[in-house]
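Report on the structure given below.
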Amino acid sequence: MLQKIYDWIDDRVDITPIWRDIADHEVPEHVNPAHHFSAFVYCFGGLTFFVVVIQILSGMFLTMYYVPDIENAWKSVYYLQTQVAHGQIVRGMHHWGASVVIVMLLLHTLRVFFQGAYKKPRELNWMVGVLLFFVMLGLGFTGYLLPWDNKAYFATQVGLEIAEQVPFIGDYLKTLLAGSDHIVGAQTLTRFFAIHVFFLPGALFALLAVHFILIRRQGISGPL
Amino acid sequence: MKKGKGMKFVGDSRISAERKSAIPKDYSEYPGRTEAFWPNFLLKEWLVGAVFLAGFLSLTLAHPAPLEGVADPTNGAYVPLPDWYFLFLYELLKYKFASSQYIIFGILVIPGLAFGGLLLAPFLDNGPGRRPHQRPIAVGMMLLGLAATMWLTYESASAVDWEARAEANKPIPASEVEIDTTDPGYAIYESNCMSCHGDSLEGSAAAPTLIGMEHSAEEIAQIAHDGIGSMPPGMFEGSDEELDQLVEFILSVNEQAAE
């Protein structure tokens, strides 16, 4: 039955080459921890992606309860944390995942760096990876405000004051992020929410796609 | 690999004019024991992922995500702190060469050089050698940057008493506590305690909240007279009867909050 469905689709859209691109390849010995235990360093990138998937899924569930509005944001998070079944676990996963993803990203970056794996022909993929790092830091910065507690509010105010001191474009940058040149309030919260939930994840998905396509196309770097 | 403009396609499709077999590239350039990704290697990856997930879930269960009191822009005493992975940038701005008139160094030049260098690493370190000892400058810069980041993060984090901070900023659900202002104890609270402990016992920069504390009636009465911690003695000025009313009022608010 499954084979028939597969054949029916394959007949029309020729998915076998796509399948081959994704999954049908050999894993070389030097990246396989089963053969060389020190190859566990090659797991960092995959684990980073795993945490990103956790972040996406837990974030999707958080938006079922979260209200991006200064009256209700904190209350909705408090309700989620104290009343909703497993809400504490889902929010905990998103909170700790934000830290763990930075740690895994750092380890992955250091692995690639110290192995010199970014050298020709993989320069572009390294740059895409560094951009992914920036996007992730942006997600961390914008996500920090959303619970609308004191920690969130005052840290964001400091962050916006720093943005304001950038020469020439500082005021515009602050207004773009905060929605106002002197109030950190309702507009700021909705903007940070939009950036955290739509803009940056969009950039994240696009960059991740490029990152993975380039890995499949170029293969993993050889042993040192 | 066939690349670039030299490729010929059938019509306007992306099918190459030269027939290539669909067999994926093998790893003959790295001779050794290769393993099929699907399903052998993927199964092992799943196992690693499962162990990782178990550890991660243990972390979230052992340490619930923190939540402080609702944002209060008028709270002038709050010391802001970013998430831990921004602490190094925050700490950098405390150095003389990176603050006030040199703020551009702190917010743009130094982080810009560091992150710009990271982004352009393949072009700055463009020699053929991949081993760390073949590229001492790049590796040295990275180690220096890493050490500086870790040092700044440590400097910033070690100066903070995280437990006291979490204790002082516990969330109080505003909706659950309604202060009965007609209570005779409230008038006494108003004249003796409110200036420091706030108009709804929520606390302020000078004093902690009175909601959610674990003192008995006798202890509260004693603290009102003798003080505790940074609270000086003799803050309460009134009769014993008034003190009883005050204690009863504070306890009633606490009972209501605990429900």
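In the structure tokens, the first chain shown is A, the next is B, and so on; residue numbers restart at 1 for each chain, and ligands run from 1 in the order shown.
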So which residues touch Leu204 of chain A within 10 Å, counting only C-alpha atoms, skipping near sequence neighbours fewer than 3 positions away, as an NGL selection string? :A and (52 or 131-136 or 139 or 198-201 or 207-210)
Restricted to all heavy atoms, what would the selected residues look like written as a CSV table (one decimal), in the first residue's frame?
```
chain,number,residue,atom,x,y,z
A,52,VAL,N,17.0,23.8,17.8
A,52,VAL,CA,16.2,24.8,17.0
A,52,VAL,C,14.8,24.2,16.8
A,52,VAL,O,13.8,24.9,16.9
A,52,VAL,CB,16.9,25.1,15.7
A,52,VAL,CG1,15.9,25.9,14.8
A,52,VAL,CG2,18.1,25.9,15.9
A,131,LEU,N,25.9,34.3,10.0
A,131,LEU,CA,24.6,35.0,9.9
A,131,LEU,C,23.5,34.3,10.8
A,131,LEU,O,22.7,35.0,11.4
A,131,LEU,CB,24.1,35.2,8.5
A,131,LEU,CG,25.0,36.0,7.6
A,131,LEU,CD1,24.4,36.1,6.2
A,131,LEU,CD2,25.0,37.5,8.1
A,132,LEU,N,23.5,33.0,10.7
A,132,LEU,CA,22.6,32.2,11.6
A,132,LEU,C,22.8,32.5,13.0
A,132,LEU,O,21.9,32.7,13.8
A,132,LEU,CB,22.7,30.7,11.3
A,132,LEU,CG,22.0,30.1,10.1
A,132,LEU,CD1,22.5,28.7,9.8
A,132,LEU,CD2,20.5,30.1,10.5
A,133,PHE,N,24.1,32.6,13.4
A,133,PHE,CA,24.5,33.0,14.8
A,133,PHE,C,23.9,34.3,15.1
A,133,PHE,O,23.2,34.5,16.2
A,133,PHE,CB,26.0,33.0,14.9
A,133,PHE,CG,26.5,32.7,16.3
A,133,PHE,CD1,27.7,32.2,16.5
A,133,PHE,CD2,25.7,33.1,17.4
A,133,PHE,CE1,28.2,31.9,17.8
A,133,PHE,CE2,26.2,32.8,18.7
A,133,PHE,CZ,27.4,32.2,18.9
A,134,PHE,N,24.0,35.3,14.2
A,134,PHE,CA,23.4,36.7,14.5
A,134,PHE,C,21.9,36.6,14.6
A,134,PHE,O,21.3,37.2,15.5
A,134,PHE,CB,23.8,37.6,13.4
A,134,PHE,CG,25.3,37.9,13.3
A,134,PHE,CD1,25.8,38.5,12.1
A,134,PHE,CD2,26.2,37.6,14.3
A,134,PHE,CE1,27.2,38.7,12.0
A,134,PHE,CE2,27.5,37.9,14.2
A,134,PHE,CZ,28.0,38.4,13.0
A,135,VAL,N,21.3,35.8,13.7
A,135,VAL,CA,19.8,35.7,13.8
A,135,VAL,C,19.4,35.1,15.2
A,135,VAL,O,18.5,35.6,15.8
A,135,VAL,CB,19.3,34.9,12.7
A,135,VAL,CG1,17.8,34.5,12.9
A,135,VAL,CG2,19.4,35.6,11.3
A,136,MET,N,20.2,34.1,15.6
A,136,MET,CA,19.9,33.5,16.9
A,136,MET,C,20.0,34.5,18.0
A,136,MET,O,19.2,34.5,19.0
A,136,MET,CB,20.8,32.3,17.1
A,136,MET,CG,20.2,31.2,17.8
A,136,MET,SD,18.7,30.6,17.0
A,136,MET,CE,19.4,29.3,16.0
A,139,LEU,N,17.0,36.6,18.0
A,139,LEU,CA,15.9,35.9,18.6
A,139,LEU,C,16.0,36.0,20.1
A,139,LEU,O,15.0,36.2,20.8
A,139,LEU,CB,15.8,34.5,18.1
A,139,LEU,CG,15.3,34.3,16.7
A,139,LEU,CD1,15.7,32.9,16.1
A,139,LEU,CD2,13.8,34.5,16.7
A,198,PHE,N,7.9,36.3,13.5
A,198,PHE,CA,7.8,36.3,12.0
A,198,PHE,C,9.0,36.6,11.3
A,198,PHE,O,9.5,35.8,10.5
A,198,PHE,CB,6.6,37.2,11.6
A,198,PHE,CG,5.3,36.7,12.0
A,198,PHE,CD1,4.6,37.4,13.1
A,198,PHE,CD2,4.7,35.6,11.5
A,198,PHE,CE1,3.4,36.9,13.5
A,198,PHE,CE2,3.5,35.1,11.9
A,198,PHE,CZ,2.8,35.8,12.9
A,199,PHE,N,9.6,37.8,11.6
A,199,PHE,CA,10.7,38.3,10.8
A,199,PHE,C,12.0,37.4,10.9
A,199,PHE,O,12.5,36.8,10.0
A,199,PHE,CB,11.1,39.7,11.1
A,199,PHE,CG,10.1,40.7,10.6
A,199,PHE,CD1,8.9,40.9,11.4
A,199,PHE,CD2,10.3,41.4,9.5
A,199,PHE,CE1,8.0,41.8,10.9
A,199,PHE,CE2,9.3,42.3,9.0
A,199,PHE,CZ,8.2,42.5,9.7
A,200,LEU,N,12.4,37.2,12.2
A,200,LEU,CA,13.6,36.5,12.4
A,200,LEU,C,13.5,35.0,12.1
A,200,LEU,O,14.4,34.4,11.5
A,200,LEU,CB,14.2,36.7,13.8
A,200,LEU,CG,14.8,38.1,14.0
A,200,LEU,CD1,15.3,38.2,15.5
A,200,LEU,CD2,15.9,38.3,13.1
A,201,PRO,N,12.4,34.3,12.5
A,201,PRO,CA,12.2,32.9,12.1
A,201,PRO,C,12.2,32.8,10.5
A,201,PRO,O,12.8,31.8,10.0
A,201,PRO,CB,10.9,32.5,12.7
A,201,PRO,CG,10.7,33.4,13.9
A,201,PRO,CD,11.3,34.7,13.5
A,207,LEU,N,18.0,30.9,5.9
A,207,LEU,CA,19.4,30.6,6.0
A,207,LEU,C,19.7,29.2,6.3
A,207,LEU,O,20.7,28.6,5.8
A,207,LEU,CB,20.0,31.5,7.2
A,207,LEU,CG,20.1,33.0,6.9
A,207,LEU,CD1,20.4,33.8,8.1
A,207,LEU,CD2,21.2,33.2,5.9
A,208,LEU,N,18.8,28.5,7.2
A,208,LEU,CA,19.0,27.1,7.4
A,208,LEU,C,18.9,26.3,6.2
A,208,LEU,O,19.7,25.4,6.0
A,208,LEU,CB,18.0,26.6,8.4
A,208,LEU,CG,18.3,26.8,9.9
A,208,LEU,CD1,17.1,26.2,10.7
A,208,LEU,CD2,19.5,26.0,10.3
A,209,ALA,N,18.0,26.6,5.3
A,209,ALA,CA,17.8,25.9,4.0
A,209,ALA,C,19.1,26.0,3.2
A,209,ALA,O,19.6,25.0,2.7
A,209,ALA,CB,16.6,26.5,3.3
A,210,VAL,N,19.7,27.2,3.1
A,210,VAL,CA,20.9,27.4,2.4
A,210,VAL,C,22.0,26.6,3.0
A,210,VAL,O,22.8,25.9,2.3
A,210,VAL,CB,21.3,28.9,2.3
A,210,VAL,CG1,22.6,29.1,1.6
A,210,VAL,CG2,20.2,29.7,1.6
```
Between chain B and chain A, at 8 Å or less, what are the per-residue closest atom pairs and their distances in Å? Count only C-alpha atoms, order by chain and rising residue number, and return it as JSON lines.
```
{"residue": "B:Ala22", "atom": "CA", "partner": "A:Pro17", "partner_atom": "CA", "distance": 7.3}
{"residue": "B:Pro24", "atom": "CA", "partner": "A:His25", "partner_atom": "CA", "distance": 6.3}
{"residue": "B:Lys25", "atom": "CA", "partner": "A:His25", "partner_atom": "CA", "distance": 7.5}
{"residue": "B:Asp26", "atom": "CA", "partner": "A:Glu26", "partner_atom": "CA", "distance": 6.8}
{"residue": "B:Tyr27", "atom": "CA", "partner": "A:Pro28", "partner_atom": "CA", "distance": 6.5}
{"residue": "B:Tyr30", "atom": "CA", "partner": "A:Gly222", "partner_atom": "CA", "distance": 6.7}
{"residue": "B:Gly32", "atom": "CA", "partner": "A:Glu29", "partner_atom": "CA", "distance": 5.6}
{"residue": "B:Arg33", "atom": "CA", "partner": "A:Glu29", "partner_atom": "CA", "distance": 5.1}
{"residue": "B:Thr34", "atom": "CA", "partner": "A:Pro28", "partner_atom": "CA", "distance": 4.4}
{"residue": "B:Glu35", "atom": "CA", "partner": "A:Val27", "partner_atom": "CA", "distance": 5.0}
{"residue": "B:Ala36", "atom": "CA", "partner": "A:Glu26", "partner_atom": "CA", "distance": 4.5}
{"residue": "B:Phe37", "atom": "CA", "partner": "A:Glu26", "partner_atom": "CA", "distance": 5.5}
{"residue": "B:Trp38", "atom": "CA", "partner": "A:Ala23", "partner_atom": "CA", "distance": 5.9}
{"residue": "B:Phe41", "atom": "CA", "partner": "A:Val27", "partner_atom": "CA", "distance": 7.4}
{"residue": "B:Gly49", "atom": "CA", "partner": "A:Leu47", "partner_atom": "CA", "distance": 7.1}
{"residue": "B:Phe56", "atom": "CA", "partner": "A:Met93", "partner_atom": "CA", "distance": 7.9}
{"residue": "B:Leu57", "atom": "CA", "partner": "A:Met93", "partner_atom": "CA", "distance": 7.2}
{"residue": "B:Leu59", "atom": "CA", "partner": "A:Trp96", "partner_atom": "CA", "distance": 7.9}
{"residue": "B:Thr60", "atom": "CA", "partner": "A:Gly92", "partner_atom": "CA", "distance": 5.1}
{"residue": "B:Leu61", "atom": "CA", "partner": "A:Ile89", "partner_atom": "CA", "distance": 6.7}
{"residue": "B:His63", "atom": "CA", "partner": "A:Gly92", "partner_atom": "CA", "distance": 7.8}
{"residue": "B:Pro64", "atom": "CA", "partner": "A:Gly92", "partner_atom": "CA", "distance": 5.6}
{"residue": "B:Ala65", "atom": "CA", "partner": "A:Gly92", "partner_atom": "CA", "distance": 4.7}
{"residue": "B:Leu67", "atom": "CA", "partner": "A:Asp149", "partner_atom": "CA", "distance": 6.9}
{"residue": "B:Glu68", "atom": "CA", "partner": "A:Asp149", "partner_atom": "CA", "distance": 5.4}
{"residue": "B:Gly69", "atom": "CA", "partner": "A:Asp149", "partner_atom": "CA", "distance": 5.4}
{"residue": "B:Val70", "atom": "CA", "partner": "A:Asp149", "partner_atom": "CA", "distance": 4.2}
{"residue": "B:Ala71", "atom": "CA", "partner": "A:Asn150", "partner_atom": "CA", "distance": 4.1}
{"residue": "B:Asp72", "atom": "CA", "partner": "A:Asn150", "partner_atom": "CA", "distance": 6.2}
{"residue": "B:Pro73", "atom": "CA", "partner": "A:Tyr153", "partner_atom": "CA", "distance": 7.6}
{"residue": "B:Tyr78", "atom": "CA", "partner": "A:Phe154", "partner_atom": "CA", "distance": 7.6}
{"residue": "B:Val79", "atom": "CA", "partner": "A:Phe154", "partner_atom": "CA", "distance": 7.8}
{"residue": "B:Pro80", "atom": "CA", "partner": "A:Phe154", "partner_atom": "CA", "distance": 5.1}
{"residue": "B:Leu81", "atom": "CA", "partner": "A:Ala155", "partner_atom": "CA", "distance": 5.5}
{"residue": "B:Pro82", "atom": "CA", "partner": "A:Ala155", "partner_atom": "CA", "distance": 5.2}
{"residue": "B:Asp83", "atom": "CA", "partner": "A:Tyr144", "partner_atom": "CA", "distance": 7.4}
{"residue": "B:Tyr85", "atom": "CA", "partner": "A:Ile102", "partner_atom": "CA", "distance": 7.7}
{"residue": "B:Ile103", "atom": "CA", "partner": "A:Gln165", "partner_atom": "CA", "distance": 7.8}
{"residue": "B:Ile104", "atom": "CA", "partner": "A:Val166", "partner_atom": "CA", "distance": 7.1}
{"residue": "B:Ile107", "atom": "CA", "partner": "A:Ile162", "partner_atom": "CA", "distance": 7.0}
{"residue": "B:Leu108", "atom": "CA", "partner": "A:Val166", "partner_atom": "CA", "distance": 7.3}
{"residue": "B:Leu118", "atom": "CA", "partner": "A:Val130", "partner_atom": "CA", "distance": 7.3}
{"residue": "B:Leu119", "atom": "CA", "partner": "A:Met127", "partner_atom": "CA", "distance": 5.5}
{"residue": "B:Leu120", "atom": "CA", "partner": "A:Met127", "partner_atom": "CA", "distance": 7.1}
{"residue": "B:Pro122", "atom": "CA", "partner": "A:Glu123", "partner_atom": "CA", "distance": 5.5}
{"residue": "B:Phe123", "atom": "CA", "partner": "A:Glu123", "partner_atom": "CA", "distance": 7.8}
{"residue": "B:Asn126", "atom": "CA", "partner": "A:Lys119", "partner_atom": "CA", "distance": 6.8}
{"residue": "B:Pro128", "atom": "CA", "partner": "A:Lys119", "partner_atom": "CA", "distance": 7.5}
{"residue": "B:Gly129", "atom": "CA", "partner": "A:Gly116", "partner_atom": "CA", "distance": 7.8}
{"residue": "B:Arg130", "atom": "CA", "partner": "A:Gly116", "partner_atom": "CA", "distance": 4.5}
{"residue": "B:Arg131", "atom": "CA", "partner": "A:Gln115", "partner_atom": "CA", "distance": 6.3}
{"residue": "B:Pro132", "atom": "CA", "partner": "A:Phe114", "partner_atom": "CA", "distance": 6.1}
{"residue": "B:Val139", "atom": "CA", "partner": "A:Phe114", "partner_atom": "CA", "distance": 7.0}
{"residue": "B:Pro173", "atom": "CA", "partner": "A:Lys75", "partner_atom": "CA", "distance": 7.7}
```
d(atom CA of Leu113 of chain B, atom CA of Met142 of chain B) in Å: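 The value is 12.2 Å.
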Find the distance between atom CA of Ile220 of chain B and atom CA of Val247 of chain B and write it in Å to one decimal.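 Rounded to one decimal, the two atoms are 6.5 Å apart.
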Which polymer residues have any atom within 9 Å of an atom of Tyr189 of chain B, counting only C-alpha atoms, with same-chain residues fewer than 2 positions away left out, as a PyMOL selection string? chain B and resi 184-187+191-194+199+246+249-250
